[in-house]
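Structure file final-v1.cif; described as mmCIF, C-alpha atoms.
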data_target
#
loop_
_atom_site.label_atom_id
_atom_site.label_comp_id
_atom_site.auth_asym_id
_atom_site.auth_seq_id
_atom_site.Cartn_x
_atom_site.Cartn_y
_atom_site.Cartn_z
CA MET A 228 10.55 -28.40 -3.79
CA LEU A 229 7.94 -29.62 -1.33
CA GLN A 230 7.92 -27.89 2.08
CA LEU A 231 5.86 -28.52 5.20
CA TRP A 232 5.31 -25.74 7.72
CA ARG A 233 3.98 -27.28 10.94
CA ASN A 234 3.47 -26.68 14.67
CA CYS A 235 1.47 -23.51 14.10
CA HIS A 236 -1.98 -21.94 14.12
CA VAL A 237 -3.27 -20.15 11.03
CA ALA A 238 -5.48 -17.16 10.27
CA THR A 239 -6.21 -17.65 6.56
CA LEU A 240 -8.06 -14.32 6.01
CA ALA A 241 -10.09 -16.08 3.30
CA GLN A 242 -13.27 -14.11 2.63
CA GLY A 243 -11.82 -11.27 4.71
CA ARG A 244 -12.40 -13.09 8.03
CA TYR A 245 -9.83 -14.48 10.43
CA GLY A 246 -10.52 -18.04 9.24
CA LEU A 247 -8.77 -19.53 12.26
CA ILE A 248 -7.25 -23.02 12.12
CA GLU A 249 -5.63 -24.24 15.31
CA ASN A 250 -2.95 -26.96 15.26
CA ALA A 251 -2.46 -26.36 11.56
CA ALA A 252 0.02 -27.15 8.81
CA ILE A 253 0.84 -25.60 5.46
CA LEU A 254 2.19 -27.61 2.54
CA ALA A 255 3.88 -25.60 -0.21
CA GLU A 256 5.05 -26.87 -3.56
CA GLY A 257 7.48 -24.43 -5.10
CA GLU A 258 6.15 -20.91 -4.63
CA ARG A 259 2.50 -21.81 -3.99
CA ILE A 260 0.33 -23.36 -1.31
CA ALA A 261 -0.56 -26.95 -2.16
CA TRP A 262 -2.57 -27.70 1.01
CA ILE A 263 -3.53 -25.96 4.23
CA GLY A 264 -5.61 -27.22 7.13
CA PRO A 265 -5.59 -29.00 10.50
CA ARG A 266 -2.42 -30.99 11.10
CA ALA A 267 -4.50 -34.09 11.81
CA ALA A 268 -5.89 -33.97 8.27
CA GLN A 269 -2.56 -33.34 6.53
CA PRO A 270 -1.98 -35.47 3.41
CA PRO A 271 1.26 -37.46 2.98
CA ALA A 272 4.27 -35.24 2.28
CA ALA A 273 7.09 -37.70 1.63
CA GLY A 274 10.40 -35.97 1.07
CA ALA A 275 9.16 -32.56 2.19
CA VAL A 276 11.51 -30.20 3.98
CA GLU A 277 9.88 -29.57 7.35
CA HIS A 278 9.85 -26.26 9.20
CA ASP A 279 8.87 -26.16 12.88
CA LEU A 280 7.13 -22.85 13.58
CA GLY A 281 7.19 -23.32 17.35
CA GLY A 282 3.48 -22.76 17.95
CA ALA A 283 3.41 -19.40 16.15
CA TRP A 284 0.31 -17.78 14.68
CA VAL A 285 0.60 -17.56 10.89
CA THR A 286 -1.10 -14.84 8.83
CA PRO A 287 -0.82 -13.95 5.18
CA GLY A 288 2.10 -11.69 4.34
CA LEU A 289 1.06 -8.09 4.78
CA VAL A 290 0.22 -6.05 1.67
CA ASP A 291 1.14 -2.35 1.70
CA CYS A 292 -1.01 -1.14 -1.18
CA HIS A 293 -0.24 2.61 -1.18
CA THR A 294 3.32 3.90 -0.74
CA HIS A 295 5.56 6.66 -2.08
CA LEU A 296 8.69 4.80 -1.03
CA VAL A 297 11.10 6.27 -3.60
CA PHE A 298 12.05 9.90 -2.92
CA GLY A 299 14.92 12.25 -2.21
CA GLY A 300 15.46 14.21 0.99
CA ASN A 301 12.91 14.52 3.78
CA ARG A 302 10.47 17.13 5.08
CA SER A 303 11.09 17.20 8.82
CA ARG A 304 11.08 21.01 8.77
CA GLU A 305 7.51 20.98 7.45
CA PHE A 306 6.58 18.70 10.32
CA GLU A 307 7.75 21.46 12.62
CA GLN A 308 5.74 24.04 10.67
CA ARG A 309 2.55 22.03 10.97
CA LEU A 310 3.08 21.75 14.72
CA GLN A 311 3.34 25.53 14.78
CA GLY A 312 -0.06 25.82 13.12
CA VAL A 313 0.76 26.14 9.42
CA ASP A 314 -1.66 24.04 7.36
CA TYR A 315 -0.73 21.73 4.49
CA ALA A 316 -2.18 24.01 1.77
CA THR A 317 -0.15 26.99 3.01
CA ILE A 318 3.06 24.96 3.09
CA ALA A 319 2.40 23.85 -0.48
CA ALA A 320 1.74 27.43 -1.60
CA GLN A 321 5.12 28.46 -0.13
CA GLY A 322 6.92 25.98 -2.36
CA GLY A 323 7.02 23.23 0.22
CA GLY A 324 4.98 20.07 0.29
CA ILE A 325 5.27 17.81 -2.71
CA LEU A 326 7.37 20.29 -4.69
CA SER A 327 10.18 20.31 -2.13
CA THR A 328 10.43 16.55 -2.52
CA VAL A 329 10.28 16.97 -6.32
CA ARG A 330 13.39 19.17 -6.16
CA ALA A 331 15.27 16.68 -3.96
CA THR A 332 14.21 13.72 -6.10
CA ARG A 333 15.22 15.39 -9.36
CA GLU A 334 18.63 16.17 -7.88
CA ALA A 335 19.27 12.60 -6.68
CA ASP A 336 20.71 10.00 -9.02
CA GLU A 337 19.17 6.57 -9.46
CA ASN A 338 21.62 4.79 -7.18
CA ALA A 339 21.07 7.26 -4.33
CA LEU A 340 17.31 6.88 -4.66
CA TYR A 341 17.67 3.10 -4.67
CA ALA A 342 19.87 3.06 -1.56
CA SER A 343 17.45 5.15 0.50
CA ALA A 344 14.35 3.33 -0.75
CA ARG A 345 15.99 -0.04 -0.09
CA ARG A 346 16.47 0.85 3.58
CA ARG A 347 12.80 1.74 3.90
CA ALA A 348 11.68 -1.37 2.01
CA LEU A 349 13.71 -3.63 4.31
CA ARG A 350 12.05 -2.03 7.33
CA LEU A 351 8.65 -2.86 5.89
CA LEU A 352 9.76 -6.42 5.09
CA ALA A 353 10.93 -6.97 8.67
CA ASP A 354 7.53 -5.68 9.79
CA GLY A 355 5.77 -8.46 7.84
CA VAL A 356 5.18 -6.87 4.43
CA THR A 357 5.67 -9.23 1.49
CA THR A 358 3.86 -7.20 -1.19
CA LEU A 359 3.85 -3.46 -1.73
CA GLU A 360 2.95 -0.81 -4.23
CA ILE A 361 5.35 2.03 -5.04
CA LYS A 362 4.21 5.19 -6.78
CA SER A 363 6.16 7.71 -8.77
CA GLY A 364 4.99 11.34 -8.60
CA TYR A 365 8.06 13.21 -7.33
CA GLY A 366 9.63 13.50 -10.79
CA LEU A 367 6.85 15.25 -12.72
CA ASP A 368 8.68 14.98 -16.02
CA LEU A 369 9.49 11.95 -18.14
CA PRO A 370 13.17 11.42 -17.18
CA ASN A 371 12.52 11.67 -13.45
CA GLU A 372 9.27 9.70 -13.39
CA ARG A 373 11.12 7.02 -15.34
CA LYS A 374 13.99 7.16 -12.84
CA MET A 375 11.65 6.60 -9.90
CA LEU A 376 9.86 3.67 -11.51
CA ARG A 377 13.15 2.08 -12.53
CA VAL A 378 14.19 2.18 -8.87
CA ALA A 379 10.88 0.60 -7.85
CA ARG A 380 11.33 -2.20 -10.40
CA ARG A 381 14.88 -2.77 -9.13
CA LEU A 382 13.63 -3.13 -5.57
CA GLY A 383 11.25 -5.85 -6.77
CA ARG A 384 14.06 -7.67 -8.56
CA GLU A 385 16.68 -7.48 -5.83
CA LEU A 386 14.63 -7.83 -2.62
CA PRO A 387 12.31 -10.68 -1.53
CA LEU A 388 9.26 -8.47 -2.10
CA THR A 389 6.51 -8.36 -4.69
CA VAL A 390 6.50 -4.77 -5.95
CA ARG A 391 3.71 -3.23 -8.03
CA THR A 392 4.49 0.11 -9.67
CA THR A 393 2.09 3.01 -10.20
CA CYS A 394 2.67 6.09 -12.33
CA LEU A 395 1.50 9.12 -10.34
CA ALA A 396 2.72 11.81 -12.74
CA ALA A 397 -0.53 13.71 -12.06
CA HIS A 398 0.50 14.25 -8.43
CA ALA A 399 1.24 17.96 -8.43
CA LEU A 400 1.90 20.76 -10.90
CA PRO A 401 5.66 21.05 -11.55
CA PRO A 402 7.13 24.54 -11.16
CA GLU A 403 7.89 24.88 -14.85
CA TYR A 404 4.14 24.51 -15.55
CA ALA A 405 2.97 26.99 -12.89
CA GLY A 406 -0.43 28.37 -13.89
CA ARG A 407 -0.73 25.90 -16.80
CA PRO A 408 -2.29 22.72 -15.40
CA ASP A 409 -4.00 21.71 -18.64
CA ALA A 410 -0.70 21.97 -20.50
CA TYR A 411 0.90 19.68 -17.93
CA ILE A 412 -1.91 17.16 -18.31
CA ASP A 413 -1.19 17.33 -22.06
CA LEU A 414 2.39 16.28 -21.23
CA VAL A 415 1.25 13.49 -18.93
CA CYS A 416 -1.17 12.05 -21.48
CA GLY A 417 0.83 12.75 -24.61
CA SER A 418 4.31 11.83 -23.47
CA ILE A 419 4.87 10.54 -19.92
CA LEU A 420 2.23 7.82 -19.68
CA PRO A 421 2.69 6.40 -23.21
CA ALA A 422 6.46 6.21 -22.78
CA LEU A 423 6.38 4.55 -19.37
CA ALA A 424 3.69 2.10 -20.50
CA SER A 425 5.71 1.12 -23.57
CA GLU A 426 8.76 0.54 -21.37
CA GLY A 427 6.79 -1.72 -19.02
CA LEU A 428 7.52 0.44 -15.99
CA ALA A 429 3.95 1.05 -14.78
CA ASP A 430 1.40 -1.49 -13.58
CA ALA A 431 -1.26 1.17 -12.90
CA VAL A 432 -1.97 4.91 -13.08
CA ASP A 433 -2.88 7.20 -10.19
CA ALA A 434 -3.71 10.91 -9.81
CA PHE A 435 -4.36 13.42 -7.03
CA CYS A 436 -7.87 14.86 -7.37
CA GLU A 437 -7.91 17.88 -5.07
CA HIS A 438 -8.21 21.66 -5.15
CA LEU A 439 -4.44 22.00 -4.67
CA ALA A 440 -3.69 19.39 -7.34
CA PHE A 441 -5.93 18.42 -10.30
CA SER A 442 -9.61 18.86 -11.07
CA PRO A 443 -11.99 15.99 -11.81
CA ALA A 444 -12.00 17.00 -15.49
CA GLN A 445 -8.20 16.86 -15.65
CA VAL A 446 -8.13 13.52 -13.83
CA GLU A 447 -10.67 12.14 -16.28
CA ARG A 448 -8.29 12.91 -19.13
CA VAL A 449 -5.55 10.96 -17.34
CA PHE A 450 -7.90 8.03 -16.79
CA GLU A 451 -8.99 8.01 -20.43
CA CYS A 452 -5.33 7.91 -21.46
CA ALA A 453 -4.66 5.04 -19.04
CA SER A 454 -7.59 3.13 -20.51
CA ARG A 455 -6.19 3.53 -24.02
CA LEU A 456 -2.87 2.18 -22.77
CA GLY A 457 -4.53 -0.79 -21.04
CA LEU A 458 -3.53 0.27 -17.53
CA PRO A 459 -5.85 0.09 -14.50
CA VAL A 460 -6.40 3.25 -12.45
CA LYS A 461 -6.63 4.34 -8.83
CA LEU A 462 -7.07 7.75 -7.22
CA HIS A 463 -6.12 9.97 -4.30
CA ALA A 464 -9.65 11.19 -3.58
CA GLU A 465 -11.65 13.14 -1.03
CA GLN A 466 -8.68 13.74 1.26
CA LEU A 467 -9.17 17.46 1.86
CA SER A 468 -12.48 18.29 0.16
CA PRO A 469 -15.50 16.59 -1.45
CA LEU A 470 -14.82 16.70 -5.21
CA HIS A 471 -16.48 13.30 -5.88
CA GLY A 472 -13.25 11.91 -7.24
CA ALA A 473 -14.10 8.51 -5.80
CA ALA A 474 -17.25 8.33 -7.93
CA LEU A 475 -15.18 9.39 -10.95
CA ALA A 476 -12.68 6.65 -10.19
CA ALA A 477 -15.49 4.12 -9.83
CA ARG A 478 -16.91 5.09 -13.25
CA HIS A 479 -13.54 4.12 -14.69
CA GLY A 480 -13.49 0.80 -12.84
CA ALA A 481 -10.70 1.91 -10.51
CA LEU A 482 -8.89 -0.66 -8.40
CA SER A 483 -9.06 1.71 -5.44
CA ALA A 484 -9.89 5.16 -4.18
CA ASP A 485 -7.60 6.27 -1.35
CA HIS A 486 -7.75 8.62 1.69
CA LEU A 487 -11.54 9.32 1.54
CA GLU A 488 -12.06 11.53 4.59
CA TYR A 489 -14.65 13.62 2.68
CA LEU A 490 -16.33 10.67 0.98
CA GLU A 491 -20.14 10.99 0.60
CA GLU A 492 -22.76 8.28 0.32
CA ASP A 493 -23.28 8.65 -3.44
CA ASP A 494 -19.54 8.07 -3.89
CA VAL A 495 -19.72 5.01 -1.66
CA ARG A 496 -22.58 3.58 -3.72
CA ALA A 497 -20.59 4.11 -6.91
CA MET A 498 -17.56 2.35 -5.41
CA ALA A 499 -19.71 -0.57 -4.30
CA ARG A 500 -21.15 -1.00 -7.80
CA ALA A 501 -17.71 -0.90 -9.41
CA GLY A 502 -15.94 -3.10 -6.87
CA THR A 503 -13.50 -0.28 -6.09
CA VAL A 504 -11.59 -0.82 -2.83
CA ALA A 505 -11.51 1.94 -0.21
CA VAL A 506 -7.91 2.42 0.96
CA LEU A 507 -7.73 4.19 4.32
CA LEU A 508 -4.48 5.85 5.37
CA PRO A 509 -4.44 6.52 9.12
CA GLY A 510 -0.81 7.66 9.06
CA ALA A 511 -1.63 10.69 6.92
CA TYR A 512 -4.76 11.39 8.97
CA TYR A 513 -2.63 11.35 12.12
CA ALA A 514 0.32 13.34 10.75
CA LEU A 515 -1.93 16.07 9.34
CA ARG A 516 -3.97 16.14 12.56
CA GLU A 517 -7.19 15.75 10.59
CA THR A 518 -10.47 15.66 12.46
CA ARG A 519 -12.85 14.33 9.81
CA MET A 520 -12.78 10.53 9.73
CA PRO A 521 -13.49 8.46 6.62
CA PRO A 522 -17.11 7.24 6.73
CA VAL A 523 -16.34 3.67 7.80
CA ASP A 524 -19.96 2.89 8.67
CA LEU A 525 -21.08 3.87 5.15
CA LEU A 526 -18.40 1.68 3.61
CA ARG A 527 -19.52 -1.25 5.76
CA ARG A 528 -23.21 -0.66 5.01
CA HIS A 529 -22.63 -0.73 1.25
CA GLY A 530 -20.15 -3.61 1.31
CA VAL A 531 -17.11 -1.70 0.03
CA PRO A 532 -13.89 -3.60 0.87
CA ILE A 533 -11.67 -1.58 3.21
CA ALA A 534 -7.88 -1.76 2.83
CA LEU A 535 -5.20 -0.13 4.96
CA SER A 536 -1.78 1.13 3.98
CA THR A 537 1.14 3.16 5.32
CA ASP A 538 1.03 5.88 2.62
CA SER A 539 4.75 5.92 3.39
CA ASN A 540 6.02 9.30 2.15
CA PRO A 541 8.36 12.04 3.33
CA GLY A 542 5.79 14.73 4.05
CA THR A 543 2.42 13.61 5.30
CA SER A 544 2.95 10.01 6.41
CA PRO A 545 6.58 9.17 7.28
CA VAL A 546 5.52 5.68 8.33
CA LEU A 547 7.58 2.48 8.14
CA SER A 548 5.22 0.07 9.94
CA LEU A 549 2.05 -1.35 8.44
CA ARG A 550 1.35 -3.09 11.75
CA LEU A 551 1.20 0.32 13.41
CA MET A 552 -1.45 1.31 10.86
CA LEU A 553 -3.58 -1.63 12.04
CA SER A 554 -3.52 -0.24 15.57
CA MET A 555 -4.20 3.32 14.42
CA ALA A 556 -7.06 2.22 12.16
CA CYS A 557 -8.73 0.56 15.14
CA THR A 558 -8.17 3.49 17.49
CA LEU A 559 -8.74 6.39 15.09
CA PHE A 560 -11.24 4.92 12.59
CA ARG A 561 -12.95 2.35 14.85
CA LEU A 562 -12.16 -0.68 12.71
CA THR A 563 -12.15 -4.03 14.46
CA PRO A 564 -8.82 -5.91 14.65
CA GLU A 565 -10.24 -8.46 12.20
CA GLU A 566 -11.22 -5.71 9.73
CA ALA A 567 -7.81 -4.11 10.12
CA LEU A 568 -5.94 -7.35 9.43
CA ALA A 569 -8.13 -8.04 6.40
CA GLY A 570 -7.37 -4.50 5.26
CA ALA A 571 -3.64 -5.15 5.34
CA THR A 572 -3.87 -8.56 3.65
CA LEU A 573 -6.73 -9.63 1.37
CA ASN A 574 -8.25 -6.21 0.73
CA GLY A 575 -4.82 -4.69 0.23
CA ALA A 576 -4.19 -7.33 -2.43
CA ARG A 577 -7.54 -6.52 -4.06
CA ALA A 578 -6.54 -2.86 -4.20
CA LEU A 579 -3.56 -3.92 -6.34
CA GLY A 580 -5.54 -6.28 -8.56
CA LEU A 581 -3.81 -9.24 -6.87
CA GLY A 582 -6.71 -10.72 -4.91
CA GLY A 583 -6.53 -13.99 -6.85
CA THR A 584 -2.93 -14.72 -5.92
CA HIS A 585 -2.09 -12.78 -2.74
CA GLY A 586 -3.56 -11.63 0.54
CA SER A 587 -4.95 -14.87 2.01
CA LEU A 588 -3.70 -18.37 2.74
CA GLU A 589 -5.53 -20.60 0.26
CA VAL A 590 -4.57 -23.42 -2.07
CA GLY A 591 -3.10 -22.08 -5.29
CA LYS A 592 -2.07 -18.72 -3.87
CA PHE A 593 1.52 -17.74 -3.30
CA ALA A 594 3.08 -19.06 -0.10
CA ASP A 595 3.51 -15.58 1.38
CA PHE A 596 3.02 -15.58 5.13
CA VAL A 597 4.33 -14.39 8.49
CA ALA A 598 4.75 -16.55 11.60
CA TRP A 599 4.21 -14.28 14.62
CA ASP A 600 5.09 -14.96 18.26
CA ILE A 601 1.65 -13.91 19.52
CA ALA A 602 -1.28 -15.57 21.29
CA HIS A 603 -3.99 -14.42 18.83
CA PRO A 604 -4.09 -12.47 15.56
CA SER A 605 -5.86 -9.56 17.29
CA GLU A 606 -2.50 -8.78 18.95
CA LEU A 607 -1.23 -7.40 15.64
CA ALA A 608 -3.59 -4.43 16.13
CA TYR A 609 -3.35 -4.41 19.92
CA TRP A 610 0.36 -3.67 20.32
CA ILE A 611 1.43 -0.09 19.59
CA GLY A 612 4.87 -0.30 18.00
CA GLY A 613 7.57 -2.76 18.98
CA GLU A 614 8.66 -5.74 16.91
CA PRO A 615 7.08 -9.07 17.85
CA PRO A 616 9.47 -11.82 16.73
CA ALA A 617 8.38 -12.95 13.31
CA ARG A 618 9.50 -15.11 10.40
CA VAL A 619 8.57 -13.77 7.00
CA VAL A 620 8.14 -16.19 4.09
CA ARG A 621 7.61 -15.02 0.52
CA HIS A 622 6.93 -17.40 -2.36
CA GLY A 623 7.89 -20.32 -0.13
CA ARG A 624 11.29 -18.92 0.82
CA GLN A 625 12.20 -17.30 4.11
CA ALA A 626 12.71 -13.58 3.58
CA ALA A 627 13.25 -12.30 7.13
CA GLY A 628 13.49 -13.57 10.69
CA PRO A 629 15.29 -16.47 12.42
CA VAL A 630 15.95 -19.63 10.44
CA GLN A 631 14.67 -22.88 11.93
CA VAL A 632 14.44 -25.98 9.77
CA ALA A 633 13.67 -29.49 11.05
CA ALA A 634 14.50 -32.55 8.98
CA SER A 635 11.57 -34.77 8.11
#
Starting from the coordinates I provided, produce the structure as structure tokens.
Amino acid sequence: MLQLWRNCHVATLAQGRYGLIENAAILAEGERIAWIGPRAAQPPAAGAVEHDLGGAWVTPGLVDCHTHLVFGGNRSREFEQRLQGVDYATIAAQGGGILSTVRATREADENALYASARRRALRLLADGVTTLEIKSGYGLDLPNERKMLRVARRLGRELPLTVRTTCLAAHALPPEYAGRPDAYIDLVCGSILPALASEGLADAVDAFCEHLAFSPAQVERVFECASRLGLPVKLHAEQLSPLHGAALAARHGALSADHLEYLEEDDVRAMARAGTVAVLLPGAYYALRETRMPPVDLLRRHGVPIALSTDSNPGTSPVLSLRLMLSMACTLFRLTPEEALAGATLNGARALGLGGTHGSLEVGKFADFVAWDIAHPSELAYWIGGEPPARVVRHGRQAAGPVQVAAS
């Protein structure tokens, strides 16, 4: 079906810049963009279904490239503890942190996990997200990691969202392996990853490289296993200490290295050479009351693409708005609104290996976009919270917002 989206202005985000087109139109054939440009230059579109966007500003659909959206329970009590001065490492040592969510997730059945994750996914969709990544990592054994990834796949089938799945079995040491991290990595590499790869449940592999999680040597074993299975890798790196996990990830051609508060220049150089995207997560930085910012100037200087994401999770980033992360990235990390929007669109897509099909409005890419009732794209980072009226379109079909169709 041919569709014409008119009476709008467009920020294409091609090349990671606004790419503004005023008085624009978008022609979509099926799920993809067939033409985009000034309305005055629009080619004939006989028979097209026309959509009047009422003068809205159109951006690519937002890409949330780092989430832990499937989980059981919540950790509001730990939020209270942190406010009382207890640090994250201490909470984890007391059996809280990731392991408390592991217990709740193991106890929940697949339908319960789906129902709660669906509510969160719909919130993100209404906020403008059309593509998101969902990690496992709260199961920490084969049946429960499988359960989480099955839920993530189901969300992608049943909701108007593109969902990429990531196996994060190397997220934390499960209680049954206390004091035996190498034995658990044996399980991850010998059983969990091969099984999930053979079942087609994982699009990528992640790990948590940190003193309270897994060492660089242990992460390297996970990455070598992923390579044998033909799966790309990414990494939680340099969040709490400088272990040079980002450089390790870059050596393995990682799609992204994420968090990065303790990133050093040698790591940045390695990421630049490998084309590894830096994913910044201001929600976790804010919730943990961190004081060391990611080295944004170094990333700019070396040309490393910067992406933004919610890191939506129950403990350290209970965030359900990627637009809010744009505002926080500007205020906390000193990104410009243009950099922030690129981080939540094109660079977010690159962090998922989808830069060729998602993240910008260009001919041949999927017709994923949001029509916002704003005066300029910078408003998406300017407003703190709230819900500017928006229409969300994914693969050429309206996914959220008011329906307005004008006959041609």
Report as a tab-separated table the residues of region 339-381 of chain A within 7 Å of region 286-307 of chain A, each with its shortest atom pair and distance in Å (one decimal), using only C-alpha atoms, ordered by chain and increasing residue number.
residue	atom	partner	partner_atom	distance
A:Leu340	CA	A:Phe298	CA	6.3
A:Ala344	CA	A:Val297	CA	5.2
A:Gly355	CA	A:Leu289	CA	5.6
A:Val356	CA	A:Leu289	CA	4.3
A:Thr357	CA	A:Gly288	CA	5.2
A:Thr358	CA	A:Val290	CA	4.8
A:Leu359	CA	A:Asp291	CA	4.5
A:Glu360	CA	A:Cys292	CA	5.0
A:Ile361	CA	A:Thr294	CA	5.1
A:Lys362	CA	A:His295	CA	5.1
A:Ser363	CA	A:His295	CA	6.8
A:Tyr365	CA	A:Phe298	CA	6.8
A:Met375	CA	A:Val297	CA	6.3
Which residue out of A:Leu553, A:Trp284, A:Ala251, A:Phe441 has the minimum interatomic distance to Ala268 (chain A) when all atoms listed in the file are used? A:Ala251
Could you tell me which residues the PyMOL selection byres ((chain A and resi 480-486) around 9) grabs in this file, written as a ChimeraX atom specification? /A:293,459-467,472-479,487-490,498,501-509,511-512,521,577-580
Using all atoms listed in the file, which of A:Leu588, A:Ala514, A:Ala576, A:Ala499 sits nearest His529 (chain A)?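 Closest to His529 (chain A) of all the choices is A:Ala499.
For the residues A:Arg380, A:Ala410, A:Val390, A:Gly323, ranking by smallest atom-to-atom distance to Tyr341 (chain A) using only C-alpha atoms places A:Arg380 first.
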Could you expand the PyMOL selection byres ((chain A and resi 618-620) around 6) into the explicit residues it covers here, written as a PyMOL selection string? chain A and resi 595-598+617+621+623-628
Specify as a ChimeraX atom specification each residue included when the PyMOL selection byres ((chain A and resi 252) around 10) is applied to this file. /A:231-237,248-251,253-255,262-269,278-280,285
Would you put the residues from that selection into a file with C-alpha atoms, as a short mmCIF file (atom, residue, chain, number, x, y, z; two decimals), in the frame of the given file?
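Everything below was put into out17.cif:
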data_model
loop_
_atom_site.label_atom_id
_atom_site.label_comp_id
_atom_site.auth_asym_id
_atom_site.auth_seq_id
_atom_site.Cartn_x
_atom_site.Cartn_y
_atom_site.Cartn_z
CA LEU A 231 5.86 -28.52 5.20
CA TRP A 232 5.31 -25.74 7.72
CA ARG A 233 3.98 -27.28 10.94
CA ASN A 234 3.47 -26.68 14.67
CA CYS A 235 1.47 -23.51 14.10
CA HIS A 236 -1.98 -21.94 14.12
CA VAL A 237 -3.27 -20.15 11.03
CA ILE A 248 -7.25 -23.02 12.12
CA GLU A 249 -5.63 -24.24 15.31
CA ASN A 250 -2.95 -26.96 15.26
CA ALA A 251 -2.46 -26.36 11.56
CA ILE A 253 0.84 -25.60 5.46
CA LEU A 254 2.19 -27.61 2.54
CA ALA A 255 3.88 -25.60 -0.21
CA TRP A 262 -2.57 -27.70 1.01
CA ILE A 263 -3.53 -25.96 4.23
CA GLY A 264 -5.61 -27.22 7.13
CA PRO A 265 -5.59 -29.00 10.50
CA ARG A 266 -2.42 -30.99 11.10
CA ALA A 267 -4.50 -34.09 11.81
CA ALA A 268 -5.89 -33.97 8.27
CA GLN A 269 -2.56 -33.34 6.53
CA HIS A 278 9.85 -26.26 9.20
CA ASP A 279 8.87 -26.16 12.88
CA LEU A 280 7.13 -22.85 13.58
CA VAL A 285 0.60 -17.56 10.89
#
By how many Å are CA of Gly364 (chain A) and CA of Ala379 (chain A) apart? 12.3 Å
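Across the structure, CA of Ala241 (chain A) and CA of Ser587 (chain A) are spaced 5.4 Å apart.
For the pair CA of Thr563 (chain A) and CA of Leu551 (chain A), the separation is 14.1 Å.
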Would you please work out which residue, of A:Ala602, A:Leu400, A:Leu568, A:Met555, is nearest to Ala320 (chain A) when using only C-alpha atoms? A:Leu400
List every residue of region 287-382 of chain A that has an atom at most 12 Å from any atom of region 610-614 of chain A, and for each one report the closest atom pair and its distance in Å to one decimal, counting all atoms listed in the file, with rows sorted by chain and then by increasing residue number, as JSON lines.
{"residue": "A:Arg350", "atom": "CA", "partner": "A:Glu614", "partner_atom": "CA", "distance": 10.8}
{"residue": "A:Leu351", "atom": "CA", "partner": "A:Glu614", "partner_atom": "CA", "distance": 11.4}
{"residue": "A:Leu352", "atom": "CA", "partner": "A:Glu614", "partner_atom": "CA", "distance": 11.9}
{"residue": "A:Ala353", "atom": "CA", "partner": "A:Glu614", "partner_atom": "CA", "distance": 8.6}
{"residue": "A:Asp354", "atom": "CA", "partner": "A:Glu614", "partner_atom": "CA", "distance": 7.2}
{"residue": "A:Gly355", "atom": "CA", "partner": "A:Glu614", "partner_atom": "CA", "distance": 9.9}
Output C-alpha atoms for every residue in that selection, as a compact mmCIF listing (two decimals), keeping the file's coordinate frame.
# COMPACT_ATOMS: atom_id res chain seq x y z
CA ARG A 350 12.05 -2.03 7.33
CA LEU A 351 8.65 -2.86 5.89
CA LEU A 352 9.76 -6.42 5.09
CA ALA A 353 10.93 -6.97 8.67
CA ASP A 354 7.53 -5.68 9.79
CA GLY A 355 5.77 -8.46 7.84
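The smallest atom-to-atom distance between Gly274 (chain A) and any of A:Ala440, A:Ala397, A:Met228, A:Val329, using only C-alpha atoms, is found for A:Met228.
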Minimum-distance residue to Leu388 (chain A), chosen among A:Ile601, A:Leu349, A:Leu559, A:Leu526 (using all atoms listed in the file):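 Result for the nearest residue to Leu388 (chain A): A:Leu349.
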Could you list, as a list in words, every residue within 7 Å of Arg333 (chain A), counting only C-alpha atoms and ignoring same-chain residues fewer than 2 positions away? Val329, Arg330, Ala331, Ala335, Gly366 and Asn371 of chain A
Radius query 8 Å about (-8.4, -1.4, 18.8), atoms used: only C-alpha atoms, as a ChimeraX atom specification: /A:554-558,561-564,608-609
Contacts of Tyr411 (chain A) at 9 Å or less, counting only C-alpha atoms, minus same-chain residues fewer than 3 places along, as a list of chain:residue names? A:Ala397, A:Leu400, A:Pro401, A:Tyr404, A:Arg407, A:Pro408, A:Leu414, A:Val415, A:Cys416
